[in-house]
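Report on the following structure.
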Amino acid sequence: MAEDLPSTHPLIASDRVEGTVVYDGHANPIGTIKRLMIAKLSGQVAYAVMVFGGFLGFGVETHVIPWPKLKYEKDLGGYRIDITADELSASPGLVTDDQGWLDSAQEEELQAHYRIPPHGRSI
């Protein structure tokens with residue numbers, strides 16, 4: 001099927017991003033994208049909810065990562081982040097519910113932690 005072939009188009013459907021491998025700065029796989037969080041008003045992707053670590057479902061952590069921190073690497077077929085393990089473990093973006101979202105106070109902490117500007121939008 002044509003949909004199984006790699007695309008050279010600059011856009012990608014959200015369901016094709018889910019499950020994509022995320023690599024650290026040394027090209028080591030560290031997790032996968034679980035879902036995207038999109039700003040309702042702007043339509044821009046704001047965050048990726050990512051699953052890290054674990055074995056057979058134990059020890060898995062789910063973190064919210066600002067979308068601008070992910071850079072697609074064609075050669076890897078996945079996203080690379082410039083976030084260290086220490087920065088990730090200290091992140092206020094750890095989520096425990098299945099919705100993978102933060103309240104406004106947690107979002108402000110996340111923005112300060114990763115030194116990104118506020119989105120200036122309502123979600």
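In the structure tokens, each chain is lettered A, B, ... as it comes, each chain's residues begin at 1, and ligands are numbered from 1 in order of appearance.
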Please provide the set of residues having any atom within 12 Å of Ile81 (chain A), restricted to only C-alpha atoms, with same-chain residues fewer than 4 positions apart removed, written as a PyMOL selection string.
chain A and resi 21-33+48+50+65-73+85+87-88+114
Among listed residues A:Tyr79, A:Ala13, A:Ala46, A:Gly59, nearest Gln111 (chain A) (using only C-alpha atoms)
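Ranking A:Tyr79, A:Ala13, A:Ala46, A:Gly59 by distance to Gln111 (chain A), first place goes to A:Ala46.
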Grab the CA of Val17 (chain A) to CA of Leu110 (chain A) distance for me, in Å with one decimal place.
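Calculated distance between CA of Val17 (chain A) and CA of Leu110 (chain A) is 22.1 Å.
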Interatomic distance, CA of Val60 (chain A) to CA of Gly77 (chain A) (Å, one decimal):
22.7 Å
Can you pull out every residue from region 17-85 of chain A that DSSP, working from the backbone, puts in strand (DSSP E), and format the result as a ChimeraX atom specification?
/A:21-23,29-38,45-52,61-66,70-73,78-81
Could you write those residues out with N, CA and C atoms, as a tab-separated table (two decimals), in the first residue's frame?
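Result saved to part_29.tsv:
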```tsv
chain	number	residue	atom	x	y	z
A	21	VAL	N	9.59	6.87	17.71
A	21	VAL	CA	10.69	6.78	18.67
A	21	VAL	C	11.31	8.17	18.87
A	22	VAL	N	11.71	8.44	20.12
A	22	VAL	CA	12.41	9.66	20.47
A	22	VAL	C	13.82	9.26	20.92
A	23	TYR	N	14.80	10.01	20.43
A	23	TYR	CA	16.20	9.74	20.70
A	23	TYR	C	16.82	10.86	21.53
A	29	PRO	N	17.78	5.52	21.55
A	29	PRO	CA	16.32	5.58	21.74
A	29	PRO	C	15.99	5.65	23.23
A	30	ILE	N	15.10	6.60	23.58
A	30	ILE	CA	14.77	6.78	25.00
A	30	ILE	C	13.27	6.70	25.29
A	31	GLY	N	12.43	6.72	24.28
A	31	GLY	CA	11.00	6.67	24.52
A	31	GLY	C	10.22	6.79	23.23
A	32	THR	N	8.90	6.94	23.37
A	32	THR	CA	8.03	7.10	22.21
A	32	THR	C	6.99	8.17	22.49
A	33	ILE	N	6.45	8.71	21.43
A	33	ILE	CA	5.39	9.71	21.55
A	33	ILE	C	4.06	9.00	21.71
A	34	LYS	N	3.35	9.38	22.77
A	34	LYS	CA	2.04	8.78	23.05
A	34	LYS	C	0.92	9.58	22.39
A	35	ARG	N	1.00	10.90	22.49
A	35	ARG	CA	-0.02	11.76	21.87
A	35	ARG	C	0.51	13.17	21.75
A	36	LEU	N	-0.17	13.98	20.97
A	36	LEU	CA	0.17	15.40	20.81
A	36	LEU	C	-0.91	16.23	21.49
A	37	MET	N	-0.49	17.35	22.05
A	37	MET	CA	-1.43	18.30	22.64
A	37	MET	C	-1.41	19.54	21.75
A	38	ILE	N	-2.57	19.90	21.24
A	38	ILE	CA	-2.69	20.98	20.26
A	38	ILE	C	-3.45	22.14	20.90
A	45	VAL	N	0.78	22.58	17.48
A	45	VAL	CA	1.16	21.55	18.45
A	45	VAL	C	1.94	22.26	19.55
A	46	ALA	N	1.53	22.08	20.80
A	46	ALA	CA	2.19	22.72	21.94
A	46	ALA	C	3.11	21.74	22.67
A	47	TYR	N	2.65	20.50	22.85
A	47	TYR	CA	3.39	19.51	23.62
A	47	TYR	C	3.26	18.14	23.00
A	48	ALA	N	4.23	17.30	23.32
A	48	ALA	CA	4.15	15.87	23.02
A	48	ALA	C	4.11	15.16	24.36
A	49	VAL	N	3.17	14.25	24.52
A	49	VAL	CA	3.14	13.40	25.71
A	49	VAL	C	3.98	12.18	25.34
A	50	MET	N	5.02	11.93	26.13
A	50	MET	CA	5.97	10.88	25.79
A	50	MET	C	6.07	9.84	26.89
A	51	VAL	N	6.31	8.61	26.49
A	51	VAL	CA	6.48	7.50	27.41
A	51	VAL	C	7.96	7.13	27.40
A	52	PHE	N	8.55	7.07	28.60
A	52	PHE	CA	9.97	6.77	28.77
A	52	PHE	C	10.17	5.58	29.69
A	61	GLU	N	7.43	5.99	32.75
A	61	GLU	CA	7.11	7.38	33.11
A	61	GLU	C	6.55	8.07	31.88
A	62	THR	N	5.54	8.88	32.11
A	62	THR	CA	4.94	9.67	31.04
A	62	THR	C	5.22	11.14	31.34
A	63	HIS	N	5.86	11.81	30.39
A	63	HIS	CA	6.21	13.22	30.55
A	63	HIS	C	5.64	14.06	29.42
A	64	VAL	N	5.35	15.29	29.74
A	64	VAL	CA	4.93	16.26	28.73
A	64	VAL	C	6.18	17.06	28.34
A	65	ILE	N	6.49	17.05	27.05
A	65	ILE	CA	7.67	17.73	26.53
A	65	ILE	C	7.20	18.84	25.59
A	66	PRO	N	7.72	20.05	25.72
A	66	PRO	CA	7.36	21.11	24.77
A	66	PRO	C	7.72	20.69	23.34
A	70	LEU	N	11.52	18.98	20.33
A	70	LEU	CA	11.69	17.81	19.47
A	70	LEU	C	12.06	18.25	18.06
A	71	LYS	N	13.05	17.64	17.51
A	71	LYS	CA	13.49	17.93	16.14
A	71	LYS	C	13.47	16.62	15.36
A	72	TYR	N	12.76	16.60	14.24
A	72	TYR	CA	12.68	15.38	13.44
A	72	TYR	C	14.01	15.14	12.74
A	73	GLU	N	14.51	13.91	12.86
A	73	GLU	CA	15.77	13.51	12.22
A	73	GLU	C	15.42	12.45	11.18
A	78	GLY	N	12.90	9.38	13.44
A	78	GLY	CA	12.26	9.73	14.71
A	78	GLY	C	12.68	11.11	15.14
A	79	TYR	N	12.32	11.45	16.36
A	79	TYR	CA	12.60	12.78	16.90
A	79	TYR	C	13.77	12.72	17.87
A	80	ARG	N	14.58	13.76	17.83
A	80	ARG	CA	15.70	13.88	18.76
A	80	ARG	C	15.38	15.03	19.71
A	81	ILE	N	15.70	14.84	20.99
A	81	ILE	CA	15.51	15.91	21.97
A	81	ILE	C	16.87	16.28	22.56
```
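Note that CA of Leu41 (chain A) and CA of Glu18 (chain A) are 22.1 Å apart.
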